[in-house]
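One file, work-v4.pdb, is given below (PDB, C-alpha atoms).
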MODEL        1
ATOM      1  CA  MET A   1    -126.296  65.437 -24.547
ATOM      2  CA  ASP A   2    -123.229  65.886 -22.343
ATOM      3  CA  GLU A   3    -121.579  62.483 -22.364
ATOM      4  CA  ILE A   4    -120.932  59.501 -24.618
ATOM      5  CA  ILE A   5    -120.340  56.027 -23.194
ATOM      6  CA  LEU A   6    -118.511  53.984 -25.785
ATOM      7  CA  THR A   7    -118.096  50.215 -25.721
ATOM      8  CA  ILE A   8    -114.743  49.193 -27.176
ATOM      9  CA  SER A   9    -115.500  46.949 -30.127
ATOM     10  CA  HIS A  10    -113.635  45.158 -32.886
ATOM     11  CA  GLN A  11    -113.967  48.304 -35.034
ATOM     12  CA  PRO A  12    -111.246  50.650 -33.707
ATOM     13  CA  ASP A  13    -111.510  53.039 -36.685
ATOM     14  CA  GLN A  14    -115.177  53.662 -35.968
ATOM     15  CA  ALA A  15    -114.393  54.159 -32.270
ATOM     16  CA  ARG A  16    -111.716  56.748 -33.137
ATOM     17  CA  ARG A  17    -114.182  58.671 -35.314
ATOM     18  CA  VAL A  18    -116.760  58.760 -32.520
ATOM     19  CA  ILE A  19    -114.139  59.970 -30.033
ATOM     20  CA  GLN A  20    -112.952  62.670 -32.436
ATOM     21  CA  GLN A  21    -116.509  63.893 -33.047
ATOM     22  CA  ALA A  22    -117.170  63.925 -29.307
ATOM     23  CA  ARG A  23    -114.113  66.118 -28.767
ATOM     24  CA  GLU A  24    -115.256  68.517 -31.492
ATOM     25  CA  HIS A  25    -118.630  68.867 -29.763
ATOM     26  CA  HIS A  26    -117.052  69.103 -26.268
ATOM     27  CA  LEU A  27    -118.688  65.916 -25.025
ATOM     28  CA  ASP A  28    -117.291  63.737 -22.233
ATOM     29  CA  VAL A  29    -116.253  60.258 -23.374
ATOM     30  CA  ARG A  30    -116.075  57.119 -21.257
ATOM     31  CA  LEU A  31    -114.938  53.714 -22.495
ATOM     32  CA  VAL A  32    -116.378  50.366 -21.386
ATOM     33  CA  PRO A  33    -114.055  47.472 -22.342
ATOM     34  CA  GLU A  34    -115.901  44.363 -23.507
ATOM     35  CA  LEU A  35    -114.048  42.348 -20.885
ATOM     36  CA  PHE A  36    -116.120  43.996 -18.181
ATOM     37  CA  GLY A  37    -119.116  41.915 -19.154
ATOM     38  CA  SER A  38    -117.395  39.144 -17.185
ATOM     39  CA  GLU A  39    -115.770  39.111 -13.773
ATOM     40  CA  ALA A  40    -113.133  41.814 -13.967
ATOM     41  CA  GLY A  41    -112.034  41.998 -10.356
ATOM     42  CA  HIS A  42    -111.238  45.498  -9.091
ATOM     43  CA  PRO A  43    -109.968  47.452 -12.106
ATOM     44  CA  ARG A  44    -107.492  50.295 -11.737
ATOM     45  CA  ILE A  45    -106.040  52.641 -14.347
ATOM     46  CA  GLU A  46    -102.235  52.674 -14.665
ATOM     47  CA  TRP A  47    -100.025  54.574 -17.077
ATOM     48  CA  PHE A  48     -97.056  53.213 -19.024
ATOM     49  CA  GLU A  49     -95.364  56.191 -20.636
ATOM     50  CA  ARG A  50     -98.451  57.843 -22.173
ATOM     51  CA  ILE A  51    -100.382  54.608 -22.663
ATOM     52  CA  PRO A  52    -103.308  53.940 -20.257
ATOM     53  CA  MET A  53    -103.623  50.366 -19.016
ATOM     54  CA  ILE A  54    -106.415  48.755 -17.028
ATOM     55  CA  SER A  55    -105.066  46.657 -14.161
ATOM     56  CA  LEU A  56    -107.586  43.906 -13.367
ATOM     57  CA  HIS A  57    -105.621  41.958 -10.781
ATOM     58  CA  GLU A  58    -102.338  42.144  -8.919
ATOM     59  CA  GLU A  59    -100.807  40.102  -6.115
ATOM     60  CA  PRO A  60    -102.084  41.348  -2.726
ATOM     61  CA  LEU A  61     -98.766  40.767  -0.916
ATOM     62  CA  PRO A  62     -95.540  42.211  -2.368
ATOM     63  CA  GLN A  63     -92.404  40.071  -2.512
ATOM     64  CA  PHE A  64     -90.811  41.538   0.623
ATOM     65  CA  ALA A  65     -93.980  40.723   2.598
ATOM     66  CA  LEU A  66     -94.016  37.148   1.273
ATOM     67  CA  SER A  67     -90.345  36.734   2.256
ATOM     68  CA  ALA A  68     -90.944  38.092   5.757
ATOM     69  CA  LYS A  69     -93.974  35.849   6.249
ATOM     70  CA  ARG A  70     -92.056  32.817   4.986
ATOM     71  CA  THR A  71     -89.128  33.441   7.366
ATOM     72  CA  PHE A  72     -91.564  33.879  10.252
ATOM     73  CA  ASP A  73     -93.329  30.618   9.354
ATOM     74  CA  VAL A  74     -90.179  28.495   9.037
ATOM     75  CA  LEU A  75     -88.682  29.695  12.325
ATOM     76  CA  LEU A  76     -91.831  29.177  14.395
ATOM     77  CA  ALA A  77     -92.841  25.882  12.762
ATOM     78  CA  SER A  78     -89.345  24.389  13.152
ATOM     79  CA  VAL A  79     -89.167  25.328  16.834
ATOM     80  CA  ALA A  80     -92.694  23.995  17.418
ATOM     81  CA  LEU A  81     -91.881  20.640  15.784
ATOM     82  CA  LEU A  82     -88.788  20.281  17.966
ATOM     83  CA  PHE A  83     -90.533  21.002  21.257
ATOM     84  CA  LEU A  84     -93.741  19.135  20.428
ATOM     85  CA  PHE A  85     -92.063  15.899  19.344
ATOM     86  CA  PRO A  86     -92.997  14.026  22.594
ATOM     87  CA  VAL A  87     -96.626  15.133  22.162
ATOM     88  CA  LEU A  88     -96.643  13.965  18.543
ATOM     89  CA  ALA A  89     -95.284  10.568  19.585
ATOM     90  CA  LEU A  90     -97.954  10.181  22.298
ATOM     91  CA  ILE A  91    -100.753  11.085  19.885
ATOM     92  CA  ALA A  92     -99.451   8.538  17.374
ATOM     93  CA  LEU A  93     -99.541   5.835  20.061
ATOM     94  CA  LEU A  94    -103.126   6.700  21.063
ATOM     95  CA  ILE A  95    -104.303   6.532  17.451
ATOM     96  CA  LYS A  96    -102.632   3.167  16.964
ATOM     97  CA  LEU A  97    -104.313   1.749  20.066
ATOM     98  CA  ASP A  98    -107.735   3.203  19.213
ATOM     99  CA  SER A  99    -108.381   2.008  15.656
ATOM    100  CA  SER A 100    -106.842   0.319  12.656
ATOM    101  CA  GLY A 101    -105.443   2.353   9.811
ATOM    102  CA  PRO A 102    -102.559   4.738   9.116
ATOM    103  CA  LEU A 103    -101.384   7.219  11.754
ATOM    104  CA  ILE A 104    -101.221  10.102   9.300
ATOM    105  CA  TYR A 105    -104.060  11.088   6.998
ATOM    106  CA  ARG A 106    -102.738  12.373   3.668
ATOM    107  CA  ALA A 107    -105.043  14.219   1.312
ATOM    108  CA  LEU A 108    -104.687  16.521  -1.664
ATOM    109  CA  ARG A 109    -105.545  20.135  -0.943
ATOM    110  CA  VAL A 110    -105.623  23.239  -3.107
ATOM    111  CA  GLY A 111    -103.044  25.867  -2.185
ATOM    112  CA  ARG A 112    -101.782  29.191  -3.468
ATOM    113  CA  LYS A 113    -102.389  29.784  -7.171
ATOM    114  CA  GLY A 114    -104.467  26.589  -7.260
ATOM    115  CA  GLN A 115    -101.444  24.327  -6.761
ATOM    116  CA  ARG A 116    -102.180  20.882  -5.343
ATOM    117  CA  PHE A 117    -100.235  19.611  -2.359
ATOM    118  CA  CYS A 118    -100.378  16.713   0.078
ATOM    119  CA  CYS A 119    -101.732  17.924   3.419
ATOM    120  CA  TYR A 120    -100.849  15.981   6.580
ATOM    121  CA  LYS A 121    -103.072  15.438   9.603
ATOM    122  CA  PHE A 122    -103.335  12.855  12.338
ATOM    123  CA  ARG A 123    -106.053  10.418  11.314
ATOM    124  CA  THR A 124    -109.248  11.153  13.240
ATOM    125  CA  MET A 125    -111.707   9.132  11.150
ATOM    126  CA  VAL A 126    -112.262   5.558  10.113
ATOM    127  CA  SER A 127    -110.018   4.385   7.300
ATOM    128  CA  ASP A 128    -112.753   4.534   4.604
ATOM    129  CA  ALA A 129    -113.967   8.034   5.554
ATOM    130  CA  ASP A 130    -113.387   9.514   2.102
ATOM    131  CA  HIS A 131    -115.574   6.866   0.461
ATOM    132  CA  LEU A 132    -118.399   7.673   2.887
ATOM    133  CA  LYS A 133    -118.240  11.436   2.297
ATOM    134  CA  GLU A 134    -120.463  11.585  -0.791
ATOM    135  CA  ARG A 135    -123.061   9.419   0.909
ATOM    136  CA  LEU A 136    -123.153  11.864   3.835
ATOM    137  CA  ARG A 137    -123.142  15.043   1.728
ATOM    138  CA  ILE A 138    -126.931  15.349   1.993
ATOM    139  CA  LEU A 139    -126.354  16.063   5.710
ATOM    140  CA  ASN A 140    -123.950  18.925   4.977
ATOM    141  CA  GLN A 141    -124.484  21.867   7.349
ATOM    142  CA  ARG A 142    -122.228  24.366   5.553
ATOM    143  CA  GLU A 143    -123.459  26.744   2.889
ATOM    144  CA  GLY A 144    -121.429  26.970  -0.295
ATOM    145  CA  PRO A 145    -118.857  24.494  -1.615
ATOM    146  CA  CYS A 146    -117.503  23.177   1.715
ATOM    147  CA  PHE A 147    -118.595  20.072   3.607
ATOM    148  CA  LYS A 148    -119.095  19.750   7.359
ATOM    149  CA  ILE A 149    -121.558  17.979   9.643
ATOM    150  CA  ALA A 150    -121.818  17.962  13.419
ATOM    151  CA  GLN A 151    -121.333  14.616  15.153
ATOM    152  CA  ASP A 152    -119.730  13.137  12.051
ATOM    153  CA  PRO A 153    -120.171   9.335  12.367
ATOM    154  CA  ARG A 154    -116.806   8.756  10.683
ATOM    155  CA  VAL A 155    -114.839  10.285  13.571
ATOM    156  CA  THR A 156    -113.162   7.871  16.013
ATOM    157  CA  GLY A 157    -113.076   8.196  19.816
ATOM    158  CA  VAL A 158    -109.507   9.485  19.970
ATOM    159  CA  GLY A 159    -110.203  11.532  16.850
ATOM    160  CA  ARG A 160    -112.980  13.429  18.612
ATOM    161  CA  PHE A 161    -110.581  14.409  21.397
ATOM    162  CA  LEU A 162    -107.875  15.449  18.945
ATOM    163  CA  ARG A 163    -110.318  17.572  16.973
ATOM    164  CA  ARG A 164    -111.648  19.300  20.075
ATOM    165  CA  TYR A 165    -108.168  20.614  20.847
ATOM    166  CA  SER A 166    -107.046  20.838  17.192
ATOM    167  CA  LEU A 167    -104.200  18.408  17.901
ATOM    168  CA  ASP A 168    -104.959  16.520  14.697
ATOM    169  CA  GLU A 169    -103.557  19.442  12.699
ATOM    170  CA  LEU A 170    -100.094  19.452  14.298
ATOM    171  CA  PRO A 171     -98.525  17.452  11.408
ATOM    172  CA  GLN A 172     -99.315  20.442   9.199
ATOM    173  CA  LEU A 173     -96.304  22.098  10.825
ATOM    174  CA  TRP A 174     -94.325  19.972   8.379
ATOM    175  CA  ASN A 175     -96.411  21.417   5.541
ATOM    176  CA  VAL A 176     -95.403  24.865   6.796
ATOM    177  CA  VAL A 177     -91.700  23.961   6.823
ATOM    178  CA  ARG A 178     -92.036  22.559   3.279
ATOM    179  CA  GLY A 179     -93.696  25.752   2.076
ATOM    180  CA  ASP A 180     -97.061  24.185   1.191
ATOM    181  CA  MET A 181     -98.785  26.100   3.973
ATOM    182  CA  SER A 182     -98.353  29.063   6.272
ATOM    183  CA  LEU A 183     -99.059  29.234   9.989
ATOM    184  CA  VAL A 184    -101.837  31.739   9.261
ATOM    185  CA  GLY A 185    -103.965  31.988   6.147
ATOM    186  CA  PRO A 186    -107.190  30.755   4.525
ATOM    187  CA  ARG A 187    -107.942  27.102   5.182
ATOM    188  CA  PRO A 188    -106.968  24.801   2.266
ATOM    189  CA  HIS A 189    -109.919  22.998   0.715
ATOM    190  CA  PRO A 190    -110.171  19.446  -0.660
ATOM    191  CA  LEU A 191    -110.341  18.984  -4.418
ATOM    192  CA  ASP A 192    -114.053  18.152  -4.425
ATOM    193  CA  ASP A 193    -114.889  21.355  -2.522
ATOM    194  CA  PHE A 194    -112.584  23.343  -4.820
ATOM    195  CA  ALA A 195    -114.472  21.956  -7.827
ATOM    196  CA  ARG A 196    -117.588  23.726  -6.503
ATOM    197  CA  TYR A 197    -115.917  27.157  -6.334
ATOM    198  CA  GLU A 198    -117.606  30.109  -7.997
ATOM    199  CA  VAL A 199    -115.636  32.901  -9.672
ATOM    200  CA  ASP A 200    -115.356  35.184  -6.636
ATOM    201  CA  HIS A 201    -114.086  32.334  -4.437
ATOM    202  CA  PHE A 202    -110.741  32.123  -6.236
ATOM    203  CA  ALA A 203    -109.435  35.323  -4.604
ATOM    204  CA  ARG A 204    -108.710  33.348  -1.418
ATOM    205  CA  LEU A 205    -106.065  31.439  -3.390
ATOM    206  CA  ASP A 206    -103.941  34.579  -3.784
ATOM    207  CA  VAL A 207    -102.044  33.686  -0.597
ATOM    208  CA  THR A 208    -100.614  30.510   0.926
ATOM    209  CA  PRO A 209    -103.223  28.574   2.958
ATOM    210  CA  GLY A 210    -102.762  28.398   6.718
ATOM    211  CA  MET A 211    -103.135  26.124   9.724
ATOM    212  CA  THR A 212    -105.300  28.779  11.354
ATOM    213  CA  GLY A 213    -106.816  32.030  10.219
ATOM    214  CA  LEU A 214    -109.111  34.955  10.898
ATOM    215  CA  TRP A 215    -112.247  32.899  10.253
ATOM    216  CA  GLN A 216    -111.164  30.107  12.611
ATOM    217  CA  VAL A 217    -110.780  32.450  15.585
ATOM    218  CA  THR A 218    -113.780  34.705  14.946
ATOM    219  CA  ALA A 219    -116.630  32.875  13.214
ATOM    220  CA  ARG A 220    -115.877  29.161  13.088
ATOM    221  CA  GLN A 221    -119.429  28.197  14.065
ATOM    222  CA  ASP A 222    -120.974  30.309  11.301
ATOM    223  CA  PRO A 223    -122.151  27.876   8.578
ATOM    224  CA  SER A 224    -122.081  30.510   5.831
ATOM    225  CA  PHE A 225    -119.256  30.154   3.319
ATOM    226  CA  ARG A 226    -119.886  33.797   2.428
ATOM    227  CA  THR A 227    -118.765  34.731   5.961
ATOM    228  CA  THR A 228    -115.697  32.526   5.605
ATOM    229  CA  LEU A 229    -114.821  34.094   2.265
ATOM    230  CA  GLY A 230    -115.314  37.612   3.604
ATOM    231  CA  LEU A 231    -112.972  36.993   6.541
ATOM    232  CA  ASP A 232    -110.379  35.346   4.285
ATOM    233  CA  LEU A 233    -110.381  38.375   1.982
ATOM    234  CA  GLU A 234    -110.256  40.755   4.945
ATOM    235  CA  TYR A 235    -107.162  38.914   6.205
ATOM    236  CA  ILE A 236    -105.492  39.164   2.795
ATOM    237  CA  GLN A 237    -106.216  42.892   2.511
ATOM    238  CA  LYS A 238    -105.070  43.726   6.058
ATOM    239  CA  TRP A 239    -102.151  41.304   6.328
ATOM    240  CA  SER A 240     -99.182  42.108   8.551
ATOM    241  CA  LEU A 241     -96.870  40.074  10.781
ATOM    242  CA  TRP A 242     -98.600  41.704  13.736
ATOM    243  CA  LEU A 243    -101.971  40.429  12.493
ATOM    244  CA  ASP A 244    -100.477  36.934  12.155
ATOM    245  CA  LEU A 245     -99.232  37.109  15.760
ATOM    246  CA  GLN A 246    -102.646  38.262  16.989
ATOM    247  CA  ILE A 247    -104.363  35.359  15.231
ATOM    248  CA  LEU A 248    -101.814  32.867  16.596
ATOM    249  CA  PHE A 249    -102.347  34.096  20.167
ATOM    250  CA  LYS A 250    -106.130  33.857  19.732
ATOM    251  CA  THR A 251    -105.661  30.366  18.297
ATOM    252  CA  LEU A 252    -103.743  29.248  21.393
ATOM    253  CA  SER A 253    -106.572  30.556  23.568
ATOM    254  CA  VAL A 254    -109.211  28.728  21.514
ATOM    255  CA  VAL A 255    -107.195  25.492  21.523
ATOM    256  CA  VAL A 256    -106.574  25.544  25.288
ATOM    257  CA  THR A 257    -110.280  26.046  26.001
ATOM    258  CA  GLY A 258    -111.145  23.154  23.701
ATOM    259  CA  THR A 259    -113.476  25.049  21.385
ATOM    260  CA  GLY A 260    -111.443  23.895  18.363
ATOM    261  CA  VAL A 261    -109.845  25.751  15.464
TER
ENDMDL
END

Could you rewrite the structure in this file as structure tokens?
Amino acid sequence: MDEIILTISHQPDQARRVIQQAREHHLDVRLVPELFGSEAGHPRIEWFERIPMISLHEEPLPQFALSAKRTFDVLLASVALLFLFPVLALIALLIKLDSSGPLIYRALRVGRKGQRFCCYKFRTMVSDADHLKERLRILNQREGPCFKIAQDPRVTGVGRFLRRYSLDELPQLWNVVRGDMSLVGPRPHPLDDFARYEVDHFARLDVTPGMTGLWQVTARQDPSFRTTLGLDLEYIQKWSLWLDLQILFKTLSVVVTGTGV
């Protein structure tokens, strides 16, 4: 026998005796904390003075990166709102002429750290769309917790045009200014989709959700939520302002061609 694997238990004295005996017999000792029977993330050993600590989770973006991203978001979103005001007014008029109901669709979404916020979009569906959602869920074409169907019968005529060019999401620029959202990041999910999250899905909530993201410009037509999650986590791990700019430029290209974001 060359090695002992010891599970940390509620009997520390016994564990110390085993470790001491292992040392006397020149055996390697490895510890398995009981916590690791559950989801433990990506553990890493850190030292505080001479005390070993197991780090299970830490914020993916340091404070200076969050501050830089926030400054970038506020500047670009504010300028965009100013220059796009005539377009916003025209869209509001078209919605009013097309169907009855509010101009702006307000819905609770789940943001960073699981915080709820009111997300703004131009209304693209009939006024009772939320009530019809559960009835249509059997037609869902997305894998995982999210809901989406092609040719959604709830979408209005003007709404279909707005969605094709992603114009319905322009009011989210106000969410960016408020700090609820970022220009780039994982897409925020409705509360009912969030309620279907599994443990490994929560990692996408480590950053502020965005109007567009890596998934939207690379694999939007892929119905697999696993693909979406993988791209969200890749974005979080590789984040930089340059990556945000690349995604924004790709988003403009996708929007102009009408393939939607």

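The residue set within 12 Å of Tyr165 in chain A, counting all atoms listed in the file and dropping same-chain residues fewer than 3 places from it, reads Val158, Gly159, Arg160, Phe161, Leu162, Asp168, Glu169, Leu170, Thr251, Leu252, Ser253, Val254, Val255, Val256, Thr257, Gly258, Thr259, Gly260 and Val261 of chain A.
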
Let me make sure I understand: among A:Met181, A:Ile45, A:Ala92, A:Leu191, which one has the smallest atom-to-atom distance to Gly213 in chain A if we use only C-alpha atoms? A:Met181

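Residues matched by the PyMOL selection byres ((chain A and resi 183) around 8) in this structure: Asp73, Ala77, Leu173, Val176, Met181, Ser182, Val184, Gly185, Gly210, Met211 and Thr212 of chain A.
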
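In this model, the gap between CA of Ser127 in chain A and CA of Leu84 in chain A comes to 25.6 Å.
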
Can you tell me, as a ChimeraX atom specification, what residues are no more than 6 Å from Arg154 in chain A when counting only C-alpha atoms, ignoring any on the same chain fewer than 5 positions away? /A:125-126,129

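Nearest-residue note for Leu136 in chain A: choosing from A:Glu3, A:Asp152, A:Asp232, A:Asp193, the minimum distance belongs to A:Asp152, counting only C-alpha atoms.
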
Got a sec: who's within 10 Å of Thr208 in chain A, counting all atoms listed in the file, leaving out chain neighbours fewer than 4 positions off, as JSON, numbers by chain? {"A": [66, 70, 110, 111, 112, 113, 114, 115, 176, 179, 180, 181, 182, 183, 184, 185, 186, 187, 188, 204]}

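In this model, the gap between CA of Gln246 in chain A and CA of Gln63 in chain A comes to 22.1 Å.
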
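Using only C-alpha atoms, the residues found no farther than 9 Å from Ala219 in chain A, other than those of its own chain fewer than 6 positions away, are A:Thr227, A:Thr228, A:Leu231.
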
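Between CA of Tyr197 in chain A and CA of Arg226 in chain A there is a distance of 11.7 Å.
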
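The residues returned by the PyMOL selection byres ((chain A and resi 6) around 12) for this structure are Glu3, Ile4, Ile5, Thr7, Ile8, Ser9, Gln11, Pro12, Gln14, Ala15, Arg16, Arg17, Val18, Ile19, Ala22, Leu27, Asp28, Val29, Arg30, Leu31, Val32, Pro33 and Glu34 of chain A.
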
For the residues in that selection, give me C-alpha atoms as a compact mmCIF listing (two decimals), keeping the file's coordinate frame.
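Written file, result_31.txt:
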# COMPACT_ATOMS: atom_id res chain seq x y z
CA GLU A 3 -121.58 62.48 -22.36
CA ILE A 4 -120.93 59.50 -24.62
CA ILE A 5 -120.34 56.03 -23.19
CA THR A 7 -118.10 50.22 -25.72
CA ILE A 8 -114.74 49.19 -27.18
CA SER A 9 -115.50 46.95 -30.13
CA GLN A 11 -113.97 48.30 -35.03
CA PRO A 12 -111.25 50.65 -33.71
CA GLN A 14 -115.18 53.66 -35.97
CA ALA A 15 -114.39 54.16 -32.27
CA ARG A 16 -111.72 56.75 -33.14
CA ARG A 17 -114.18 58.67 -35.31
CA VAL A 18 -116.76 58.76 -32.52
CA ILE A 19 -114.14 59.97 -30.03
CA ALA A 22 -117.17 63.92 -29.31
CA LEU A 27 -118.69 65.92 -25.02
CA ASP A 28 -117.29 63.74 -22.23
CA VAL A 29 -116.25 60.26 -23.37
CA ARG A 30 -116.08 57.12 -21.26
CA LEU A 31 -114.94 53.71 -22.50
CA VAL A 32 -116.38 50.37 -21.39
CA PRO A 33 -114.06 47.47 -22.34
CA GLU A 34 -115.90 44.36 -23.51
